[in-house]
Structures are given as structure tokens and as C-alpha cells.
Number of protein chains: 2
Amino acid sequence: MGLIVIKFGGSSLSTTDKIKNAAKRIISLKNEGKQVVVVVSAMGKTTDQLLELAGQITDSPEKREMDMLLATGEQVSISLLSMALSEMGAPAVSFTGWQAGIVTEKIHSNARIVDVKIDQLRERLNEGKIIVAAGFQGVTEDGEITTLGRGGSDTTAVALAAALGAERCLICTDVTGVFTSDPRYVPQARKLPSISYDEMLELANLGAGVLHPRAVEFAKNYRVPLEVRSSTENEEGTVIEEEASMEKNLVVRGVAFEKDMTRLTIFGLKNEMTGLSAVFSELANNQIDVDIIIQSQTDGNKTNLSFSIKNKDRQAAVKVLENQKDTIGFDSIEYEAGLAKVSIVGSGMISNPGVAAQMFQVLADKNIQIKMVSTSEIKVSAVINEDKMTEAAQILHEAFNLGAVVENF
Amino acid sequence: MGLIVIKFGGSSLSTTDKIKNAAKRIISLKNEGKQVVVVVSAMGKTTDQLLELAGQITDSPEKREMDMLLATGEQVSISLLSMALSEMGAPAVSFTGWQAGIVTEKIHSNARIVDVKIDQLRERLNEGKIIVAAGFQGVTEDGEITTLGRGGSDTTAVALAAALGAERCLICTDVTGVFTSDPRYVPQARKLPSISYDEMLELANLGAGVLHPRAVEFAKNYRVPLEVRSSTENEEGTVIEEEASMEKNLVVRGVAFEKDMTRLTIFGLKNEMTGLSAVFSELANNQIDVDIIIQSQTDGNKTNLSFSIKNKDRQAAVKVLENQKDTIGFDSIEYEAGLAKVSIVGSGMISNPGVAAQMFQVLADKNIQIKMVSTSEIKVSAVINEDKMTEAAQILHEAFNLGAVVENF
């Protein structure tokens with residue numbers, strides 16, 4: 001008998017009516033003759049409410065206690081959803097993270113799963129029960145409650161699918177699948193029937209918030225076929241698997257973009273060797289994420305260093321670096337805010353070296369100036385002025401023929 | 001080093017400000033050089049909110065899932081209180097029921113504690129940490145989450161105190177201690193400095209809601225000295241221990257009372273042997289609690305049977321019995337609503353056989369008619385008209401000299 005893992009996020013469970021709707025979806029899967037394991041997040045705004053309570057008590061809660069607090073959110077969801085399933089005639093049994101055997105590292109607030117002990121789950125599945133497991137949470141070997149950080153429930157679902165040998169892991173969410181681009185900006189964007197793990201990883205890292213990169217990576221490592229689909233509408237979603245079997249002739253699979261970026265440039269960095277690590281250690285210690293990094297030689301002794309950060313981190317970044325100006329050793333800092341990053345993603349690029357050049361040409365044709373560039377094997381990103389972002393996304397979407405529906409073959 | 005277990009109920013933790021106040025109380029205990037284990041209930045109305053959510057999903061939730069749901073309430077409390085303690089400089093660590101080693105029977109919603117595994121707690125106590133443990137919840141040997149039913153957090157506190165050999169178990173609550181009677185009805189009522197387990201048991205069973213009878217029984221069995229005191233005011237409460245050392249000369253220790261009672265009488269019950277058990281089985285199967293029972297012989301073949309129930313159960317009780325009239329075998333049913341029960345409690349009664357007679361005389365002097373009577377070794381209860389309840393409580397309080405402060409000797 002085939003086994004399906006199906007995951008519902010918090011917004012799909014924000015009211016008891018939505019929980020009942022999720023129960024109906026689950027029962028229809030069960031009625032197809034599948035064994036079903038459901039993974040759930042905390043209901044709607046529960047996590048925010050718990051954070052608010054903690055905030056009233058302390059600005060610096062211990063991570064262990066925060067995990068203890070937040071883990072209650074999914075525990076409420078699993079019990080209510082199990083009640084809804086049983087009420088509709090489908091016997092279900094809820095499992096917290098520790099009961100489901102989700103064993104993690106001894107790290108609070110951002111633990112990685114190290115083992116999944118499935119005996120209890122198997123036993124209940126064999127009794128014909130639907131399993132409703134808490135996402136986002138686990139337990140250390142010592143019995144301490146941990147949480148998995150952002151995207152944690154997706155990771156739980158993939159981990160359970162891998163451990164139980166599920167035929168598919170369904171991620172039910174607000175959107176109906178993975179799109180060639182964000183339809184709010186690119187009206188021609190359409191849903192992809194399938195995409196490879198690597199492409200999805202790049203898109204996820206580029207902020208296409210459908211799936212957390214960690215969950216995609218887990219799925220890739222364990223070869224778990226994923227499907228992203230709508231939690232409310234009953235239409236096919238996007239399948240993420242090793243080789244996206246369809247649309248092989250498409251070199252580029254998606255266009256992603258991100259606003260609110262700043263380019264920061266350090267002029268006259270004295271020592272390339274120690275300077276680089278000093279700069280990025282300082283920023284990392286202050287929780288400032290750096291995206292694209294470009295280093296350019298100016299003369300024999302000094303270099304200029306540019307990197308992109310979020311607009312919101314700009315003040316802190318400048319302050320942190322100015323404070324260490326003598327230690328790091330540089331001449332001056334300049335920045336340019338109001339930038340955006342536009343990226344094209346597709347595993348076909350590996351065998352098509354002209355893709356980046358084509359992208360730059362398309363942008364140049366519209367007089368869109370490129371400020372920074374970053375590439376990987378299956379991705380090209382360009383930093384441009386924010387007011388050109390939507391236009392750039394649209395023309396790239398068109399230039400790489402992403403709006404066209406391609407026949408399966 | 002002495003160890004104290006201190007328990008806070010939900011109303012003492014209903015806001016984050018109250019949680020901070022509780023933290024201050026705990027730290028002052030710690031500063032007296034004690035090891036401290038705190039047991040907490042769910043915050044204020046949390047349990048009601050969770051019940052409301054479940055009620056939106058089903059009228060008949062499975063008990064297992066209800067336990068799963070309700071157990072989140074205390075988990076929120078333990079994490080927030082631990083944060084508050086750490087924020088104030090007192091390192092604390094939270095424990096769910098299963099982490100604290102509270103092992104129960106395999107019964108949901110009303111499990112009894114069968115074992116307490118204290119290794120983890122001892123280890124953390126020896127590190128100098130304050131333990132904050134979730135009340136009301138436990139775990140079966142199979143790893144199923146259970147709850148302990150009403151008064152469960154009190155029972156958790158007493159069980160931990162017994163297992164850890166605590167020198168005292170403090171129950172912090174809305175009232176400042178155990179009173180000779182309810183001060184809202186009997187203005188002369190005063191706080192008792194001490195009371196015996198048995199007396200407290202009778203008072204608790206009579207509805208003096210300070211402590212749950214189960215917790216008192218547990219404390220009695222394991223000789224755990226209990227103290228009931230205010231969660232906000234720093235004054236001495238009432239100590240419950242084997243021999244109430246003070247006020248030995250007082251025969252009666254308290255006056256309790258209860259409103260909203262109905263007396264139901266079955267006339268002409270045909271067969272005393274089968275009839276009695278048939279009546280009370282029917283009522284028990286329909287969740288109708290029976291209090292005082294009086295059986296009176298009328299002639300050789302038939303008996304009359306009177307018993308007291310809650311007003312709210314009257315309709316159901318009459319219907320249940322009328323439906324089984326032929327099976328049980330009786331002539332008719334009558335009832336009298338609008339009654340109340342007044343009780344006097346005191347272990348001194350054992351050696352003072354005239355106490356019941358004195359009680360009846362006091363009531364008779366005021367023309368208060370007694371409808372039913374029930375006695376135990378340390379209690380006498382009389383059922384009277386509800387409109388005489390307050391008067392009866394006051395005159396009994398006065399007649400047995402309960403308002404007088406007695407010197408310790």
C-alpha cells in the first residue's frame with residue numbers, strides 16, 4: 001500500500017473551519033487507498049502570539065525555553081486535526097515531535113534532524129490510522145525539546161517521507177505550485193508541472209518562498225519526490241524530482257527577483273588576505289547577511305570590495321565596519337541603496353554557455369544597467385536599479401520563452 | 001539543603017505580570033537557601049480557550065487528543081515562568097510532565113500517578129537550578145500524554161514533594177489559607193493555622209475548593225506537609241499535617257455548606273436487594289452524582305429511598321428512573337428542590353459523641369428543619385432549606401466557638 005506524507009502550513013490551519021477542510025483533503029487521499037502521514041505547523045498567528053508573550057517577559061529568552069514555548073503551537077494543531085479526522089469517521093492519532101521519533105542535534109531554535117525512529121508510526125499506520133505529526137519540532141537524545149528553525153515543518157515532512165519510504169511528499173500551501181516567476185509582477189508567469197531539486201534549491205534560495213531550501217536539500221539527498229500544491233484547490237501542483245521530465249528543451253526554468261537591496265563598497269582595502277575575512281566576520285557576528293560579493297584589484301597593494309546586503313542592514317553594516325576601520329584597514333566606504341536582484345534559474349544552463357550573455361544583452365537592450373553579477377552552474381543573478389526590477393523580470397520571462405506552455409513529451 | 005515544592009494555579013499566572021510576580025516569590029524562597037521545584041497550571045483562561053477550539057470541531061473529542069491539546073497549556077506556563085526567573089537572575093529550567101518523570105496509568109483525562117522518576121530533576125537541582133514543572137500532566141510507560149483530571153496540578157505538586165522528600169509543599173492560591181467557614185457567608189470565619197489531613201479531606205469533599213481531595217489524600221498517604229497560602233500576599237497560610245498541633249481543644253474545626261440540592265424520594269421500592277443497585281447503577285451510568293442516601297423500611301415488602309442530588313441533575317434523574325420504572329420496580333417518585341447541605345467537620349468529634357446532637361439542637365432552636373442527615377467519624381451533614389443555609393452556617397460557627405482565636409499551646 002502506497003504511503004503519502006502531506007504537509008499543511010499554518011495559514012491552511014488558521015481556523016477550525018480550515019482544519020476541517022484540511023481533514024476532508026486528507027480523507028480523500030486515504031480513500032484512494034493510501035496510508036497517510038500528515039505534518040502540520042502551528043495554527044495561523046499562534047507563533048506570533050507566543051513570541052509576543054515571551055517578549056513581555058524578556059528581550060533575551062533562553063533558546064531552550066523558547067523551543068519549549070513554540071513547540072506548543074503544533075501540539076494544538078495535531079490534536080485538533082486528529083479530532084476533526086476522527087469526527088469525520090477517519091481514525092487518526094496525533095504525535096508530537098518526540099513521539100514521532102524526530103531526533104535532532106543538541107541545538108536549540110535551529111536544530112537539524114539526525115534520525116527518525118519510525119517504529120511507533122509504523123505500528124499505528126498498520127492499524128489503519130492516519131498519523132498527524134507535529135512539524136518544526138524534535139527531541140534530542142537527552143529528551144530536550146528542540147525546534148528546526150524556519151521552514152522546519154517542510155523539513156519534518158520530507159524527513160518522515162524519507163524514513164517511511166513514502167511515494168510522495170505533498171506540501172500544501174497558499175499557492176498552487178511553483179511558478180516561472182511571481183505572477184504579481186509577471187502576469188505571463190505560469191505554473192511549472194515539474195522542476196528539478198537543484199532548480200528548486202536555487203529558486204528557494206532566491207526567495208521564491210514556496211519551500212525552504214533546507215527541505216529541498218533534504219528531499220534531494222534522500223530522493224523524496226516532492227509536490228507543491230494548493231491547500232484549498234484540488235488541482236495538480238508542481239512536482240520536484242531528480243530530473244524534471246518535462247520541458248527539457250527549456251534552458252531557463254524560472255525568473256526570481258528580490259527588492260530592498262543595497263550595494264556597499266569598501267575602497268582601498270589594505271590587505272586582501274586578512275581584510276576579506278575581517279570584513280565578513282564582523283558582519284556575520286552582527287547577523288548581517290551578505291549576498292553577492294565582488295572583489296576588484298586596483299593596484300598592487302589595495303583592493304576594492306563590493307557586496308550586496310538588505311537595505312535594513314545598511315546602517316548597522318556601515319557602523320560596524322567604520323568602528324573597525326583601523327583594525328581592518330581601508331580608506332572609505334560608499335553605498336548605493338534602492339537596488340534589486342533579478343535571477344534566471346535552469347539546469348539547462350550547464351550545457352548552454354551563452355545564457356548569461358543573452359541575459360545581459362536583453363537587459364542592455366532596454367538600457368537596464370547591471371551593477372553586480374553572480375553566477376552558479378544553474379543560475380545567473382544581476383543587481384540592477386529597483387525601479388527597473390519588474391520590467392527586467394518581464395522581459396527576461398519573455399526572452400526565455402517561459403510563458404509558453406510546452407507539450408509533455 | 002531543604003527542598004520546597006511550590007505550586008501556582010492558573011489564576012496566579014493569568015498575565016505575564018502575574019508570572020513575574022510569581023517569579024519574585026520563588027526567588028525569595030531560593031534566597032532563603034532552599035532548593036525549589038515549582039509546579040504550575042495553565043495560564044488563566046487558556047484551558048477554556050482550548051476547550052472552545054475543540055468544541056468547534058467535535059462534541060465528542062477523543063480523550064487521548066483532548067489530553068494532547070490541554071497539555072499545551074502548562075507547557076506555555078513553564079516556559080514563560082522559566083524565562084521570567086532567568087531574566088531576574090535565577091537560572092531555571094522547565095520540564096513538561098513527561099520530562100519531569102510523572103508516570104501515570106494508561107487512562108486519558110483522569111489518570112493517576114503511578115511513579116515519579118526524579119533523576120533528571122535531581123541532576124538539575126544539584127546544578128543549582130530552579131525546576132519549573134508542568135502540573136496536571138503525565139506520560140504513560142508507552143509515551144502517551146495523559147492528564148490528571150480536576151485538581152491535577154495540586155496532585156503533581158504533592159507527588160513531586162513526596163518523591164523528592166521535600167520539607168514542605170506550598171500550594172499558592174487565591175485565598176490566604178483554609179478558613180473555619182466561607183467568609184462571604186460567615187463574617188466571623190477566620191483562617192486556621194493548621195488542620196489535619198482527614199479534616200482537610202472532609203472539607204475538600206464538602207466543596208471547600210481550596211485543595212482537591214485527591215491531592216490531600218496523596219499528601220496524607222506520603223506524609224507530605226502541605227501549606228495553603230496566598231499567591232500574592234506574603235502571610236502565613238494554613239498548614240495541613242498529620243496532627244493539627246494547635247487548637248486541640250476545638251472539637252469542630254470548620255463549617256462547610258453547599259447550595260442547589262434536591263432530595264429525590266422513591267416510594268415503594270419493591271426489592272431492596274436488586275432495587276438499590278438498579279437505581280444507583282442507572283444514575284451512575286448517566287453521570288448523576290448522588291450524595292446522601294437514606295433508606296427507610298415501610299412494610300415487609302417495600303422500602304422508601306431518599307437521596308440528594310444537584311438541582312441541575314433533577315430532570316435527568318427523574319427521567320432515567322421513570323424509564324426504568326418496571327425494571328427497577330417502584331410505585332412513584334417525588335422530589336423537593338431548593339435545599340442545601342450544612343456540615344461541621346473536626347477530628348475531635350471522634351471522642352465527643354454529643355457533637356451531632358448539639359448540632360441538631362442548635363438548628364432546632366432556630367426552627368431550622370432537618371430533611372436528611374449523614375455522618376462520618378469526623379463530620380456531620382444536615383440537609384435543610386436553602387433559604388436557611390447562611391443562618392445555619394453562622395449559628396453553627398458561633399455555637400462551636402470557631403470565631404475565637406485560640407492561643408497556641
# chains A, B, ... in the order shown; residues from 1 in each chain; ligands from 1
$ residues_around --residues "Ile309 (chain A)" --least-positions-apart "5" --cutoff "10 Å" --atoms "only C-alpha atoms" --output "list of chain:residue names"
A:Asp260, A:Met261, A:Thr262, A:Arg263, A:Leu264, A:Ile288, A:Asp289, A:Val290, A:Asp291, A:Ile292, A:Ile293, A:Arg314, A:Ala317, A:Ala337, A:Leu339
$ residues_around --residues "region 322-329 of chain A" --least-positions-apart "5" --cutoff "12 Å" --atoms "only C-alpha atoms" --output "PyMOL selection string"
chain A and resi 266-283+301-304+315-317+334
$ closest_atom_pairs --of "chain A" --to "chain B" --cutoff "6 Å" --atoms "only C-alpha atoms" --output "JSON lines"
{"residue": "A:Ile57", "atom": "CA", "partner": "B:Ala84", "partner_atom": "CA", "distance": 5.8}
{"residue": "A:Pro61", "atom": "CA", "partner": "B:Met83", "partner_atom": "CA", "distance": 5.9}
{"residue": "A:Glu65", "atom": "CA", "partner": "B:Ser79", "partner_atom": "CA", "distance": 5.0}
{"residue": "A:Met68", "atom": "CA", "partner": "B:Ser79", "partner_atom": "CA", "distance": 6.0}
{"residue": "A:Leu69", "atom": "CA", "partner": "B:Val76", "partner_atom": "CA", "distance": 5.2}
{"residue": "A:Thr72", "atom": "CA", "partner": "B:Thr72", "partner_atom": "CA", "distance": 5.2}
{"residue": "A:Val76", "atom": "CA", "partner": "B:Leu69", "partner_atom": "CA", "distance": 5.2}
{"residue": "A:Ser79", "atom": "CA", "partner": "B:Glu65", "partner_atom": "CA", "distance": 5.0}
{"residue": "A:Met83", "atom": "CA", "partner": "B:Pro61", "partner_atom": "CA", "distance": 5.9}
{"residue": "A:Ala84", "atom": "CA", "partner": "B:Ile57", "partner_atom": "CA", "distance": 5.8}
$ closest_atom_pairs --of "region 146-189 of chain A" --to "region 22-26 of chain A" --cutoff "12 Å" --atoms "only C-alpha atoms" --output "tab-separated table"
residue	atom	partner	partner_atom	distance
A:Leu170	CA	A:Ile26	CA	10.9
A:Cys172	CA	A:Ala22	CA	9.5
A:Thr173	CA	A:Ala22	CA	11.1
$ select_by_dssp --residues "region 63-198 of chain B" --states "helix (DSSP H, G or I)" --output "ChimeraX atom specification"
/B:63-87,119-126,152-164,197-198
$ write_last_selection --atoms "N, CA and C atoms" --output "compact mmCIF listing (two decimals), in the first residue's frame"
# COMPACT_ATOMS: atom_id res chain seq x y z
N LYS B 63 -10.54 11.27 24.16
CA LYS B 63 -9.85 11.73 25.37
C LYS B 63 -8.34 11.85 25.15
N ARG B 64 -7.79 10.93 24.35
CA ARG B 64 -6.35 11.00 24.07
C ARG B 64 -6.00 12.34 23.44
N GLU B 65 -6.79 12.76 22.45
CA GLU B 65 -6.48 14.01 21.74
C GLU B 65 -6.76 15.22 22.63
N MET B 66 -7.76 15.10 23.50
CA MET B 66 -8.02 16.19 24.42
C MET B 66 -6.85 16.39 25.38
N ASP B 67 -6.28 15.29 25.85
CA ASP B 67 -5.10 15.39 26.72
C ASP B 67 -3.94 16.04 25.97
N MET B 68 -3.76 15.63 24.71
CA MET B 68 -2.71 16.21 23.87
C MET B 68 -2.89 17.73 23.77
N LEU B 69 -4.15 18.13 23.58
CA LEU B 69 -4.47 19.55 23.43
C LEU B 69 -4.24 20.32 24.74
N LEU B 70 -4.83 19.81 25.81
CA LEU B 70 -4.79 20.55 27.08
C LEU B 70 -3.38 20.63 27.65
N ALA B 71 -2.57 19.61 27.39
CA ALA B 71 -1.21 19.60 27.94
C ALA B 71 -0.37 20.77 27.43
N THR B 72 -0.79 21.40 26.34
CA THR B 72 -0.03 22.56 25.85
C THR B 72 -0.14 23.73 26.82
N GLY B 73 -1.24 23.78 27.56
CA GLY B 73 -1.48 24.91 28.46
C GLY B 73 -0.37 25.08 29.48
N GLU B 74 -0.03 24.01 30.17
CA GLU B 74 1.02 24.11 31.19
C GLU B 74 2.39 24.28 30.54
N GLN B 75 2.54 23.77 29.32
CA GLN B 75 3.85 23.89 28.66
C GLN B 75 4.16 25.36 28.36
N VAL B 76 3.11 26.13 28.04
CA VAL B 76 3.31 27.57 27.86
C VAL B 76 3.72 28.20 29.19
N SER B 77 3.03 27.83 30.27
CA SER B 77 3.33 28.41 31.58
C SER B 77 4.76 28.12 32.03
N ILE B 78 5.19 26.87 31.88
CA ILE B 78 6.53 26.53 32.39
C ILE B 78 7.62 27.30 31.64
N SER B 79 7.44 27.46 30.32
CA SER B 79 8.49 28.15 29.57
C SER B 79 8.52 29.63 29.93
N LEU B 80 7.34 30.25 30.02
CA LEU B 80 7.32 31.69 30.34
C LEU B 80 7.85 31.94 31.76
N LEU B 81 7.46 31.11 32.71
CA LEU B 81 7.93 31.32 34.08
C LEU B 81 9.45 31.09 34.17
N SER B 82 9.97 30.10 33.44
CA SER B 82 11.42 29.89 33.43
C SER B 82 12.15 31.09 32.85
N MET B 83 11.58 31.64 31.77
CA MET B 83 12.17 32.86 31.19
C MET B 83 12.19 33.99 32.21
N ALA B 84 11.08 34.15 32.93
CA ALA B 84 10.99 35.24 33.91
C ALA B 84 12.02 35.05 35.01
N LEU B 85 12.18 33.83 35.49
CA LEU B 85 13.15 33.55 36.55
C LEU B 85 14.57 33.84 36.06
N SER B 86 14.90 33.36 34.86
CA SER B 86 16.25 33.57 34.33
C SER B 86 16.50 35.07 34.11
N GLU B 87 15.47 35.75 33.61
CA GLU B 87 15.58 37.20 33.38
C GLU B 87 15.91 37.93 34.69
N ASP B 119 15.38 11.35 38.54
CA ASP B 119 16.81 11.50 38.24
C ASP B 119 17.13 12.84 37.57
N GLN B 120 16.35 13.16 36.51
CA GLN B 120 16.61 14.40 35.76
C GLN B 120 16.43 15.63 36.66
N LEU B 121 15.39 15.59 37.49
CA LEU B 121 15.14 16.73 38.37
C LEU B 121 16.29 16.91 39.36
N ARG B 122 16.70 15.80 39.98
CA ARG B 122 17.80 15.85 40.95
C ARG B 122 19.06 16.46 40.33
N GLU B 123 19.35 16.01 39.11
CA GLU B 123 20.55 16.49 38.43
C GLU B 123 20.52 18.01 38.27
N ARG B 124 19.38 18.52 37.81
CA ARG B 124 19.27 19.96 37.61
C ARG B 124 19.24 20.73 38.92
N LEU B 125 18.60 20.14 39.94
CA LEU B 125 18.59 20.78 41.27
C LEU B 125 20.02 20.90 41.81
N ASN B 126 20.79 19.83 41.60
CA ASN B 126 22.17 19.83 42.09
C ASN B 126 23.04 20.85 41.36
N GLY B 152 -5.50 18.42 39.30
CA GLY B 152 -4.32 17.67 38.88
C GLY B 152 -3.00 18.33 39.23
N SER B 153 -2.96 19.65 39.14
CA SER B 153 -1.69 20.33 39.43
C SER B 153 -1.33 20.22 40.91
N ASP B 154 -2.34 20.27 41.78
CA ASP B 154 -2.08 20.05 43.20
C ASP B 154 -1.47 18.66 43.41
N THR B 155 -2.04 17.69 42.71
CA THR B 155 -1.56 16.32 42.86
C THR B 155 -0.12 16.18 42.36
N THR B 156 0.18 16.83 41.23
CA THR B 156 1.56 16.82 40.73
C THR B 156 2.51 17.37 41.78
N ALA B 157 2.12 18.49 42.39
CA ALA B 157 2.98 19.14 43.38
C ALA B 157 3.23 18.20 44.55
N VAL B 158 2.18 17.57 45.04
CA VAL B 158 2.32 16.67 46.19
C VAL B 158 3.17 15.45 45.81
N ALA B 159 2.94 14.93 44.59
CA ALA B 159 3.70 13.75 44.15
C ALA B 159 5.19 14.07 44.04
N LEU B 160 5.51 15.24 43.48
CA LEU B 160 6.92 15.62 43.38
C LEU B 160 7.51 15.84 44.77
N ALA B 161 6.74 16.46 45.66
CA ALA B 161 7.21 16.69 47.02
C ALA B 161 7.50 15.36 47.71
N ALA B 162 6.60 14.38 47.52
CA ALA B 162 6.80 13.07 48.14
C ALA B 162 8.04 12.39 47.56
N ALA B 163 8.16 12.42 46.22
CA ALA B 163 9.26 11.70 45.57
C ALA B 163 10.60 12.33 45.90
N LEU B 164 10.63 13.64 46.04
CA LEU B 164 11.89 14.35 46.28
C LEU B 164 12.17 14.53 47.78
N TYR B 197 -4.92 16.16 57.90
CA TYR B 197 -5.25 15.67 56.56
C TYR B 197 -6.71 15.24 56.47
N ASP B 198 -7.18 14.50 57.49
CA ASP B 198 -8.54 13.98 57.43
C ASP B 198 -9.57 15.10 57.44
$ residues_around --residues "Glu105 (chain B)" --least-positions-apart "6" --cutoff "8 Å" --atoms "only C-alpha atoms" --output "ChimeraX atom specification"
/B:111-114,140
$ residues_around --residues "region 252-255 of chain B" --least-positions-apart "4" --cutoff "10 Å" --atoms "only C-alpha atoms" --output "NGL selection string"
:B and (178-182 or 186 or 189-190 or 192 or 194-196 or 199-200 or 202-203 or 206 or 208 or 247-248 or 342-349 or 352 or 355 or 378-381 or 392-394 or 396-397 or 399-402)
$ write_last_selection --atoms "C-alpha atoms" --output "JSON list (two decimals), in the first residue's frame"
[["chain", "number", "residue", "atom", "x", "y", "z"],
["B", 178, "VAL", "CA", -8.19, 27.32, 54.92],
["B", 179, "PHE", "CA", -10.95, 29.07, 56.84],
["B", 180, "THR", "CA", -13.34, 27.88, 59.54],
["B", 181, "SER", "CA", -16.08, 28.69, 57.05],
["B", 182, "ASP", "CA", -16.65, 30.71, 53.87],
["B", 186, "VAL", "CA", -19.94, 33.76, 57.70],
["B", 189, "ALA", "CA", -14.84, 32.97, 59.77],
["B", 190, "ARG", "CA", -11.11, 33.03, 60.38],
["B", 192, "LEU", "CA", -6.94, 28.15, 60.60],
["B", 194, "SER", "CA", -3.31, 24.23, 60.89],
["B", 195, "ILE", "CA", -5.63, 21.35, 60.14],
["B", 196, "SER", "CA", -5.23, 17.58, 59.86],
["B", 199, "GLU", "CA", -10.24, 17.21, 58.31],
["B", 200, "MET", "CA", -8.98, 18.80, 55.11],
["B", 202, "GLU", "CA", -13.71, 16.18, 54.55],
["B", 203, "LEU", "CA", -13.70, 19.93, 53.91],
["B", 206, "LEU", "CA", -17.65, 19.18, 51.04],
["B", 208, "ALA", "CA", -14.26, 23.97, 50.22],
["B", 247, "GLU", "CA", -6.29, 24.27, 68.84],
["B", 248, "LYS", "CA", -6.62, 20.72, 70.07],
["B", 342, "VAL", "CA", -24.56, 22.27, 56.04],
["B", 343, "SER", "CA", -21.71, 20.28, 57.58],
["B", 344, "ILE", "CA", -19.47, 20.51, 60.61],
["B", 345, "VAL", "CA", -16.01, 18.91, 60.43],
["B", 346, "GLY", "CA", -13.47, 18.15, 63.12],
["B", 347, "SER", "CA", -11.39, 15.19, 64.20],
["B", 348, "GLY", "CA", -12.24, 15.97, 67.82],
["B", 349, "MET", "CA", -15.72, 14.53, 67.17],
["B", 352, "ASN", "CA", -17.02, 13.67, 71.61],
["B", 355, "VAL", "CA", -21.46, 16.81, 68.78],
["B", 378, "ILE", "CA", -15.23, 13.45, 61.78],
["B", 379, "LYS", "CA", -18.22, 15.06, 60.01],
["B", 380, "VAL", "CA", -21.93, 15.65, 60.42],
["B", 381, "SER", "CA", -24.00, 16.91, 57.48],
["B", 392, "ALA", "CA", -27.43, 27.82, 59.88],
["B", 393, "ALA", "CA", -23.76, 28.21, 58.96],
["B", 394, "GLN", "CA", -23.46, 31.33, 61.10],
["B", 396, "LEU", "CA", -23.12, 26.67, 63.95],
["B", 397, "HIS", "CA", -19.91, 28.67, 63.54],
["B", 399, "ALA", "CA", -22.11, 27.60, 68.68],
["B", 400, "PHE", "CA", -18.88, 25.66, 68.15],
["B", 401, "ASN", "CA", -16.80, 28.69, 69.02],
["B", 402, "LEU", "CA", -14.97, 28.82, 65.68]]
